[in-house]
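Have a look at the structure below, then the notes.
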Amino acid sequence: MQVFKTHKKLNEALKGSGISLGMVPTMGALHEGHLALIRQALKENDRVVVSIFVNPTQFNDAEDLKNYPRNLDDDLAQLEPLGAALYIYTPKPQDLYAEGVVAQPQHLMGLDLVMEGAFRQHHFDGVATVVEKLLRSVNPDRAYFGEKDFQQLQIIRCLVEQQKIPVQIIGCPIVRAADGLALSSRNLLLNPEQKSAAPFLYQILQDVQHQWPPKKLSDLTKWVDQQFKEQALFSLDYFVIAEEENLQSAQSLEKGKKYRSFIAAKLGGIRLIDNMGLPII
Ligand code: PAF
């Protein structure tokens, strides 16, 4: 494993033809979910770049950016055993943002305006800006993203198509703890009481799956609202059943279409998101 602070040095080390290159962009605070992406990338490519960069332009709240967990030494210790084919890229903001640390406004077919986009203004402008910069700086053949951030994954697919970035985007399944909690760097911020309450999100998504397809979509939404009213520790930001392709909230169900349930809730000051695919009807 080698560590690089600039994309220039990284690219010098990667020079050579006939080598397939995978990339796993991360913001660090690595967990088993990231490691699953990296292992898959290592299986499918000769070399893999893991970027570790807490991207300031995707945070709409300065406190959230300040509190985001960071532990580079621990991240590198987790990556070291994965082998010599790993190239770690840990840029400073100026290595990616030569013209100033600002997000470019994006046109993402409305995918960025719903759910997380509605609650975190300009969040996806920042995500799309940095992902484009990372992909163009590293030039991988394949880039791997988790379905935990399913909306982000669809937005990156849209970005790559619109900007004609020559890379294959690969979505990988959510990795969960034994209690069902979707792994996330933000879970490090939960106190013990919150940590034991957090799998409630997964239970709700599972219950929704068991009730699927509902006679009336609005009854399902009302049922979820009621479950949250009975939970003192949580405040629900949204529960949405949306079409996977366009992420628009479903008003009625059509046969053959893929739907997914999405949930976001605050547990104390910590915001958790999760989602689950629903059987095709
Ligand atoms: O999912 C993340 O960790 C980030 O949003 C990403 C894709 C690395 C961009 O900063």
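Going through the structure tokens in order, the chains are called A, B, and so on, while each chain numbers its residues from 1 and the ligands are numbered from 1 in the order shown.
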Checklist entry - Would you name the residues within 8 Å of ligand 1, counting only C-alpha atoms and all ligand atoms, and put them as an MDAnalysis selection string? => result chainID A and resid 24:28 51:55 58 126:128 130:131 145:146 149 152
Could those residues be written to a file, using N, CA, C and O atoms, as an mmCIF file, in the first residue's frame?
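Generated output (out27.cif):
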```
data_model
loop_
_atom_site.group_PDB
_atom_site.id
_atom_site.type_symbol
_atom_site.label_atom_id
_atom_site.label_comp_id
_atom_site.auth_asym_id
_atom_site.auth_seq_id
_atom_site.Cartn_x
_atom_site.Cartn_y
_atom_site.Cartn_z
ATOM 1 N N VAL A 24 -12.363 3.835 -5.087
ATOM 2 C CA VAL A 24 -13.388 3.919 -4.045
ATOM 3 C C VAL A 24 -13.232 5.283 -3.355
ATOM 4 O O VAL A 24 -12.353 5.454 -2.513
ATOM 5 N N PRO A 25 -14.076 6.261 -3.731
ATOM 6 C CA PRO A 25 -14.000 7.565 -3.056
ATOM 7 C C PRO A 25 -14.636 7.468 -1.661
ATOM 8 O O PRO A 25 -15.724 6.897 -1.517
ATOM 9 N N THR A 26 -13.942 8.002 -0.649
ATOM 10 C CA THR A 26 -14.505 7.979 0.711
ATOM 11 C C THR A 26 -14.199 9.303 1.414
ATOM 12 O O THR A 26 -13.367 10.073 0.949
ATOM 13 N N MET A 27 -14.874 9.493 2.544
ATOM 14 C CA MET A 27 -14.539 10.634 3.407
ATOM 15 C C MET A 27 -13.861 10.127 4.686
ATOM 16 O O MET A 27 -13.860 10.803 5.715
ATOM 17 N N GLY A 28 -13.307 8.921 4.626
ATOM 18 C CA GLY A 28 -12.588 8.378 5.776
ATOM 19 C C GLY A 28 -13.533 7.874 6.847
ATOM 20 O O GLY A 28 -14.700 7.583 6.571
ATOM 21 N N SER A 51 -9.695 7.116 -2.141
ATOM 22 C CA SER A 51 -9.461 8.508 -1.742
ATOM 23 C C SER A 51 -10.088 8.732 -0.365
ATOM 24 O O SER A 51 -11.164 8.187 -0.061
ATOM 25 N N ILE A 52 -9.393 9.504 0.449
ATOM 26 C CA ILE A 52 -9.897 9.869 1.785
ATOM 27 C C ILE A 52 -9.875 11.386 1.837
ATOM 28 O O ILE A 52 -8.808 12.001 1.899
ATOM 29 N N PHE A 53 -11.078 11.980 1.747
ATOM 30 C CA PHE A 53 -11.139 13.447 1.689
ATOM 31 C C PHE A 53 -12.495 13.888 2.212
ATOM 32 O O PHE A 53 -13.538 13.540 1.635
ATOM 33 N N VAL A 54 -12.492 14.612 3.333
ATOM 34 C CA VAL A 54 -13.756 15.148 3.864
ATOM 35 C C VAL A 54 -14.043 16.413 3.057
ATOM 36 O O VAL A 54 -13.382 17.441 3.229
ATOM 37 N N ASN A 55 -15.013 16.294 2.164
ATOM 38 C CA ASN A 55 -15.253 17.342 1.162
ATOM 39 C C ASN A 55 -16.078 18.499 1.743
ATOM 40 O O ASN A 55 -17.283 18.349 1.952
ATOM 41 N N GLN A 58 -19.797 19.746 0.388
ATOM 42 C CA GLN A 58 -21.068 19.008 0.459
ATOM 43 C C GLN A 58 -21.736 19.129 1.827
ATOM 44 O O GLN A 58 -22.768 18.508 2.070
ATOM 45 N N GLY A 126 -22.245 19.857 -4.109
ATOM 46 C CA GLY A 126 -20.913 19.597 -3.545
ATOM 47 C C GLY A 126 -20.449 18.177 -3.846
ATOM 48 O O GLY A 126 -19.297 17.954 -4.208
ATOM 49 N N VAL A 127 -21.368 17.201 -3.699
ATOM 50 C CA VAL A 127 -21.002 15.802 -3.962
ATOM 51 C C VAL A 127 -20.603 15.642 -5.437
ATOM 52 O O VAL A 127 -19.546 15.090 -5.764
ATOM 53 N N ALA A 128 -21.462 16.157 -6.335
ATOM 54 C CA ALA A 128 -21.194 15.980 -7.769
ATOM 55 C C ALA A 128 -19.906 16.704 -8.166
ATOM 56 O O ALA A 128 -19.108 16.188 -8.957
ATOM 57 N N VAL A 130 -17.213 17.322 -6.304
ATOM 58 C CA VAL A 130 -15.990 16.632 -5.856
ATOM 59 C C VAL A 130 -15.835 15.286 -6.564
ATOM 60 O O VAL A 130 -14.718 14.888 -6.903
ATOM 61 N N VAL A 131 -16.949 14.576 -6.803
ATOM 62 C CA VAL A 131 -16.826 13.274 -7.466
ATOM 63 C C VAL A 131 -16.299 13.470 -8.893
ATOM 64 O O VAL A 131 -15.415 12.734 -9.348
ATOM 65 N N PHE A 145 -19.543 2.672 -5.289
ATOM 66 C CA PHE A 145 -20.290 3.473 -4.305
ATOM 67 C C PHE A 145 -21.326 2.566 -3.642
ATOM 68 O O PHE A 145 -21.899 1.686 -4.295
ATOM 69 N N GLY A 146 -21.599 2.825 -2.354
ATOM 70 C CA GLY A 146 -22.543 1.980 -1.618
ATOM 71 C C GLY A 146 -23.993 2.396 -1.843
ATOM 72 O O GLY A 146 -24.296 3.582 -2.002
ATOM 73 N N ASP A 149 -26.171 5.129 0.340
ATOM 74 C CA ASP A 149 -26.501 6.464 -0.172
ATOM 75 C C ASP A 149 -27.050 6.284 -1.591
ATOM 76 O O ASP A 149 -26.408 6.673 -2.574
ATOM 77 N N GLN A 152 -27.411 9.346 -3.768
ATOM 78 C CA GLN A 152 -26.089 9.782 -4.243
ATOM 79 C C GLN A 152 -25.625 8.908 -5.420
ATOM 80 O O GLN A 152 -25.107 9.414 -6.419
#
```
Item to check | Selection: 8 Å around Gly268 in chain A, only C-alpha atoms, excl. self and same-chain fewer than 4 positions, as a PyMOL selection string | outcome: chain A and resi 194+233-234
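Nearest residue to Phe59 in chain A, choosing from A:Tyr89, A:Phe239, A:Tyr202, A:Phe124 and counting only C-alpha atoms: A:Phe124.
Of all the residues in range 51-131 of chain A, the ones DSSP labels as strand (DSSP E or B) from the backbone are Ser51, Ile52, Leu86, Tyr87, Ile88 and Tyr89 of chain A.
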Filtering to N, CA, C and O atoms, could you give me those residues as a tab-separated table (two decimals), in the first residue's frame?
```tsv
chain	number	residue	atom	x	y	z
A	51	SER	N	-9.70	7.12	-2.14
A	51	SER	CA	-9.46	8.51	-1.74
A	51	SER	C	-10.09	8.73	-0.37
A	51	SER	O	-11.16	8.19	-0.06
A	52	ILE	N	-9.39	9.50	0.45
A	52	ILE	CA	-9.90	9.87	1.79
A	52	ILE	C	-9.87	11.39	1.84
A	52	ILE	O	-8.81	12.00	1.90
A	86	LEU	N	-3.19	-1.49	-3.42
A	86	LEU	CA	-3.96	-0.32	-2.94
A	86	LEU	C	-3.12	0.95	-2.99
A	86	LEU	O	-1.99	0.98	-2.48
A	87	TYR	N	-3.70	2.00	-3.55
A	87	TYR	CA	-3.07	3.32	-3.60
A	87	TYR	C	-4.01	4.29	-2.88
A	87	TYR	O	-5.18	4.42	-3.26
A	88	ILE	N	-3.51	4.91	-1.84
A	88	ILE	CA	-4.38	5.77	-1.03
A	88	ILE	C	-4.09	7.22	-1.41
A	88	ILE	O	-2.92	7.64	-1.45
A	89	TYR	N	-5.15	7.96	-1.65
A	89	TYR	CA	-5.03	9.37	-2.06
A	89	TYR	C	-5.67	10.22	-0.96
A	89	TYR	O	-6.87	10.11	-0.72
```
Checklist entry - Mind checking DSSP for range 23-60 of chain A and telling me the helix (DSSP H, G or I) residues as a PyMOL selection string? => result chain A and resi 32-44+56-58
Checklist entry - At what distance in Å, to one decimal, does CA of Glu32 in chain A lie from CA of Gly83 in chain A? => result 16.4 Å
Contact check, range 97-191 of chain A to range 38-43 of chain A, at most 9 Å, counting only C-alpha atoms, closest pairs as a tab-separated table:
```
residue	atom	partner	partner_atom	distance
A:Arg142	CA	A:Ala41	CA	8.0
A:Ala143	CA	A:Ala41	CA	8.0
A:Tyr144	CA	A:Ala41	CA	7.0
A:Cys172	CA	A:Gln40	CA	8.7
```
Leaving out range 179-181 of chain A and any residue of its chain fewer than 4 positions from it, which residues lie within 10 Å of it when counting only C-alpha atoms, given as a PDB file with all heavy atoms, in the first residue's frame?
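Result file follows (selection_28.pdb):
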```pdb
ATOM      1  N   ILE A 174     -25.838  -2.540   0.716  1.00  0.00           N
ATOM      2  CA  ILE A 174     -25.638  -1.968   2.051  1.00  0.00           C
ATOM      3  C   ILE A 174     -25.052  -3.035   2.980  1.00  0.00           C
ATOM      4  O   ILE A 174     -25.503  -4.178   2.952  1.00  0.00           O
ATOM      5  CB  ILE A 174     -26.996  -1.492   2.631  1.00  0.00           C
ATOM      6  CG1 ILE A 174     -27.587  -0.395   1.748  1.00  0.00           C
ATOM      7  CG2 ILE A 174     -26.872  -1.036   4.079  1.00  0.00           C
ATOM      8  CD1 ILE A 174     -28.982   0.066   2.162  1.00  0.00           C
ATOM      9  N   VAL A 175     -24.073  -2.648   3.770  1.00  0.00           N
ATOM     10  CA  VAL A 175     -23.542  -3.563   4.794  1.00  0.00           C
ATOM     11  C   VAL A 175     -24.152  -3.145   6.135  1.00  0.00           C
ATOM     12  O   VAL A 175     -24.148  -1.957   6.484  1.00  0.00           O
ATOM     13  CB  VAL A 175     -21.999  -3.506   4.848  1.00  0.00           C
ATOM     14  CG1 VAL A 175     -21.463  -4.427   5.933  1.00  0.00           C
ATOM     15  CG2 VAL A 175     -21.414  -3.887   3.492  1.00  0.00           C
ATOM     16  N   ASN A 187     -22.244   6.750  12.506  1.00  0.00           N
ATOM     17  CA  ASN A 187     -22.627   5.926  13.664  1.00  0.00           C
ATOM     18  C   ASN A 187     -21.640   6.110  14.816  1.00  0.00           C
ATOM     19  O   ASN A 187     -21.991   5.898  15.978  1.00  0.00           O
ATOM     20  CB  ASN A 187     -22.681   4.435  13.290  1.00  0.00           C
ATOM     21  CG  ASN A 187     -23.774   4.147  12.268  1.00  0.00           C
ATOM     22  OD1 ASN A 187     -24.573   5.031  11.955  1.00  0.00           O
ATOM     23  ND2 ASN A 187     -23.790   2.938  11.744  1.00  0.00           N
ATOM     24  N   LYS A 195     -27.207   4.313  20.042  1.00  0.00           N
ATOM     25  CA  LYS A 195     -26.740   3.180  19.228  1.00  0.00           C
ATOM     26  C   LYS A 195     -27.701   2.004  19.349  1.00  0.00           C
ATOM     27  O   LYS A 195     -27.983   1.313  18.363  1.00  0.00           O
ATOM     28  CB  LYS A 195     -25.336   2.774  19.681  1.00  0.00           C
ATOM     29  CG  LYS A 195     -24.653   1.909  18.678  1.00  0.00           C
ATOM     30  CD  LYS A 195     -23.211   2.257  18.460  1.00  0.00           C
ATOM     31  CE  LYS A 195     -22.735   1.577  17.201  1.00  0.00           C
ATOM     32  NZ  LYS A 195     -21.844   0.485  17.411  1.00  0.00           N
ATOM     33  N   SER A 196     -28.234   1.772  20.566  1.00  0.00           N
ATOM     34  CA  SER A 196     -29.145   0.624  20.671  1.00  0.00           C
ATOM     35  C   SER A 196     -30.531   0.959  20.114  1.00  0.00           C
ATOM     36  O   SER A 196     -31.276   0.059  19.732  1.00  0.00           O
ATOM     37  CB  SER A 196     -29.200   0.066  22.091  1.00  0.00           C
ATOM     38  OG  SER A 196     -29.619   1.068  22.957  1.00  0.00           O
ATOM     39  N   ALA A 197     -30.863   2.260  20.018  1.00  0.00           N
ATOM     40  CA  ALA A 197     -32.165   2.631  19.432  1.00  0.00           C
ATOM     41  C   ALA A 197     -32.105   2.676  17.898  1.00  0.00           C
ATOM     42  O   ALA A 197     -33.122   2.483  17.217  1.00  0.00           O
ATOM     43  CB  ALA A 197     -32.594   4.006  19.957  1.00  0.00           C
ATOM     44  N   ALA A 198     -30.911   2.906  17.338  1.00  0.00           N
ATOM     45  CA  ALA A 198     -30.771   3.206  15.903  1.00  0.00           C
ATOM     46  C   ALA A 198     -31.318   2.135  14.944  1.00  0.00           C
ATOM     47  O   ALA A 198     -31.858   2.481  13.877  1.00  0.00           O
ATOM     48  CB  ALA A 198     -29.301   3.514  15.585  1.00  0.00           C
ATOM     49  N   PRO A 199     -31.241   0.824  15.280  1.00  0.00           N
ATOM     50  CA  PRO A 199     -31.761  -0.191  14.336  1.00  0.00           C
ATOM     51  C   PRO A 199     -33.267  -0.075  14.078  1.00  0.00           C
ATOM     52  O   PRO A 199     -33.799  -0.776  13.219  1.00  0.00           O
ATOM     53  CB  PRO A 199     -31.427  -1.523  15.019  1.00  0.00           C
ATOM     54  CG  PRO A 199     -30.322  -1.216  15.957  1.00  0.00           C
ATOM     55  CD  PRO A 199     -30.546   0.200  16.413  1.00  0.00           C
ATOM     56  N   PHE A 200     -33.951   0.806  14.805  1.00  0.00           N
ATOM     57  CA  PHE A 200     -35.385   1.046  14.569  1.00  0.00           C
ATOM     58  C   PHE A 200     -35.647   1.393  13.091  1.00  0.00           C
ATOM     59  O   PHE A 200     -36.652   0.976  12.513  1.00  0.00           O
ATOM     60  CB  PHE A 200     -35.850   2.177  15.491  1.00  0.00           C
ATOM     61  CG  PHE A 200     -37.288   2.547  15.320  1.00  0.00           C
ATOM     62  CD1 PHE A 200     -38.298   1.646  15.644  1.00  0.00           C
ATOM     63  CD2 PHE A 200     -37.644   3.797  14.838  1.00  0.00           C
ATOM     64  CE1 PHE A 200     -39.640   1.984  15.479  1.00  0.00           C
ATOM     65  CE2 PHE A 200     -38.977   4.147  14.679  1.00  0.00           C
ATOM     66  CZ  PHE A 200     -39.978   3.239  14.999  1.00  0.00           C
ATOM     67  N   LEU A 201     -34.739   2.130  12.484  1.00  0.00           N
ATOM     68  CA  LEU A 201     -34.914   2.510  11.069  1.00  0.00           C
ATOM     69  C   LEU A 201     -34.998   1.257  10.185  1.00  0.00           C
ATOM     70  O   LEU A 201     -35.841   1.156   9.296  1.00  0.00           O
ATOM     71  CB  LEU A 201     -33.720   3.369  10.603  1.00  0.00           C
ATOM     72  CG  LEU A 201     -33.944   4.862  10.521  1.00  0.00           C
ATOM     73  CD1 LEU A 201     -34.348   5.444  11.843  1.00  0.00           C
ATOM     74  CD2 LEU A 201     -32.691   5.558  10.017  1.00  0.00           C
ATOM     75  N   TYR A 202     -34.110   0.319  10.460  1.00  0.00           N
ATOM     76  CA  TYR A 202     -34.084  -0.928   9.686  1.00  0.00           C
ATOM     77  C   TYR A 202     -35.369  -1.724   9.930  1.00  0.00           C
ATOM     78  O   TYR A 202     -35.960  -2.272   8.992  1.00  0.00           O
ATOM     79  CB  TYR A 202     -32.850  -1.731  10.102  1.00  0.00           C
ATOM     80  CG  TYR A 202     -32.758  -3.099   9.481  1.00  0.00           C
ATOM     81  CD1 TYR A 202     -32.638  -3.262   8.104  1.00  0.00           C
ATOM     82  CD2 TYR A 202     -32.772  -4.251  10.283  1.00  0.00           C
ATOM     83  CE1 TYR A 202     -32.539  -4.527   7.536  1.00  0.00           C
ATOM     84  CE2 TYR A 202     -32.675  -5.517   9.721  1.00  0.00           C
ATOM     85  CZ  TYR A 202     -32.560  -5.649   8.347  1.00  0.00           C
ATOM     86  OH  TYR A 202     -32.465  -6.895   7.790  1.00  0.00           O
ATOM     87  N   GLN A 203     -35.816  -1.753  11.214  1.00  0.00           N
ATOM     88  CA  GLN A 203     -37.052  -2.499  11.526  1.00  0.00           C
ATOM     89  C   GLN A 203     -38.230  -1.928  10.754  1.00  0.00           C
ATOM     90  O   GLN A 203     -39.059  -2.660  10.224  1.00  0.00           O
ATOM     91  CB  GLN A 203     -37.336  -2.456  13.026  1.00  0.00           C
ATOM     92  CG  GLN A 203     -36.385  -3.350  13.825  1.00  0.00           C
ATOM     93  CD  GLN A 203     -36.195  -2.833  15.246  1.00  0.00           C
ATOM     94  OE1 GLN A 203     -37.036  -2.118  15.777  1.00  0.00           O
ATOM     95  NE2 GLN A 203     -35.065  -3.184  15.849  1.00  0.00           N
ATOM     96  N   GLN A 206     -38.031  -2.945   7.162  1.00  0.00           N
ATOM     97  CA  GLN A 206     -38.417  -4.362   7.021  1.00  0.00           C
ATOM     98  C   GLN A 206     -39.923  -4.534   7.124  1.00  0.00           C
ATOM     99  O   GLN A 206     -40.536  -5.275   6.350  1.00  0.00           O
ATOM    100  CB  GLN A 206     -37.749  -5.166   8.123  1.00  0.00           C
ATOM    101  CG  GLN A 206     -36.384  -5.663   7.741  1.00  0.00           C
ATOM    102  CD  GLN A 206     -35.942  -6.749   8.699  1.00  0.00           C
ATOM    103  OE1 GLN A 206     -36.124  -6.604   9.904  1.00  0.00           O
ATOM    104  NE2 GLN A 206     -35.393  -7.813   8.189  1.00  0.00           N
ATOM    105  N   LEU A 272     -29.629  10.106  10.544  1.00  0.00           N
ATOM    106  CA  LEU A 272     -29.379   8.775   9.971  1.00  0.00           C
ATOM    107  C   LEU A 272     -30.250   8.592   8.738  1.00  0.00           C
ATOM    108  O   LEU A 272     -31.403   9.046   8.726  1.00  0.00           O
ATOM    109  CB  LEU A 272     -29.730   7.686  10.987  1.00  0.00           C
ATOM    110  CG  LEU A 272     -28.952   7.693  12.311  1.00  0.00           C
ATOM    111  CD1 LEU A 272     -29.498   6.609  13.239  1.00  0.00           C
ATOM    112  CD2 LEU A 272     -27.462   7.491  12.080  1.00  0.00           C
ATOM    113  N   ASP A 274     -31.426   5.567   5.615  1.00  0.00           N
ATOM    114  CA  ASP A 274     -31.377   4.155   5.236  1.00  0.00           C
ATOM    115  C   ASP A 274     -32.370   3.959   4.075  1.00  0.00           C
ATOM    116  O   ASP A 274     -33.203   4.846   3.802  1.00  0.00           O
ATOM    117  CB  ASP A 274     -31.761   3.271   6.436  1.00  0.00           C
ATOM    118  CG  ASP A 274     -31.234   1.841   6.307  1.00  0.00           C
ATOM    119  OD1 ASP A 274     -30.807   1.449   5.203  1.00  0.00           O
ATOM    120  OD2 ASP A 274     -31.278   1.111   7.319  1.00  0.00           O
TER     121      ASP A 274
END
```
Kindly assemble as JSON lines a list of the range 54-117 of chain A residues that lie within 12 Å of range 255-263 of chain A, each paired with its nearest atom pair and their distance in Å to one decimal, using only C-alpha atoms, sorted first by chain and then by ascending residue number.
```
{"residue": "A:Val114", "atom": "CA", "partner": "A:Phe262", "partner_atom": "CA", "distance": 11.1}
{"residue": "A:Met115", "atom": "CA", "partner": "A:Phe262", "partner_atom": "CA", "distance": 8.3}
{"residue": "A:Glu116", "atom": "CA", "partner": "A:Ile263", "partner_atom": "CA", "distance": 9.7}
```
Go ahead and write the residues just picked, C-alpha atoms, as a CSV table (one decimal), in the first residue's frame.
```csv
chain,number,residue,atom,x,y,z
A,114,VAL,CA,-35.9,15.5,-3.5
A,115,MET,CA,-35.3,13.7,-0.2
A,116,GLU,CA,-31.7,14.5,1.0
```
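Between CA of His210 in chain A and CA of Lys222 in chain A the separation is 15.8 Å.
Once Gln163 in chain A and its same-chain neighbours fewer than 5 positions away are set aside, Gln106, His107, Leu108, Ala128, Thr129, Val131, Glu132, Lys133, Leu135, Arg136, Ile155, Ile156, Arg157 and Cys158 of chain A remain within 12 Å of it when counting only C-alpha atoms.
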Checklist entry - Could you pull the residues within 6 Å of Lys266 in chain A, counting only C-alpha atoms, minus those fewer than 4 positions along the same chain, as a VMD selection string? => result chain A and resid 234 to 235 270 to 271
Deliver the residues from the most recent selection as a file, using C-alpha atoms, as a JSON list (two decimals), in the first residue's frame.
```
[["chain", "number", "residue", "atom", "x", "y", "z"],
["A", 234, "PHE", "CA", -36.37, 10.01, 17.00],
["A", 235, "SER", "CA", -37.66, 12.79, 14.84],
["A", 270, "ILE", "CA", -27.32, 12.81, 14.55],
["A", 271, "ARG", "CA", -29.02, 12.37, 11.22]]
```
Checklist entry - If we count only C-alpha atoms, what is near Ser185 in chain A at a cut-off of 8 Å, once residues fewer than 5 positions away on the same chain are taken out, given as number ranges by chain? => result A: 28-31, 69
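You will find CA of Leu217 in chain A at 22.1 Å from CA of Gln231 in chain A.
Using only C-alpha atoms, the smallest distance between any of A:Gln162, A:Gln226, A:Gln211, A:Asn139 and Ile19 in chain A comes from A:Asn139.
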Item to check | Phe4 in chain A surroundings by only C-alpha atoms, 7 Å radius, close-in-sequence under 2 positions cut, as a ChimeraX atom specification | outcome: /A:2,6,9-10,88-90
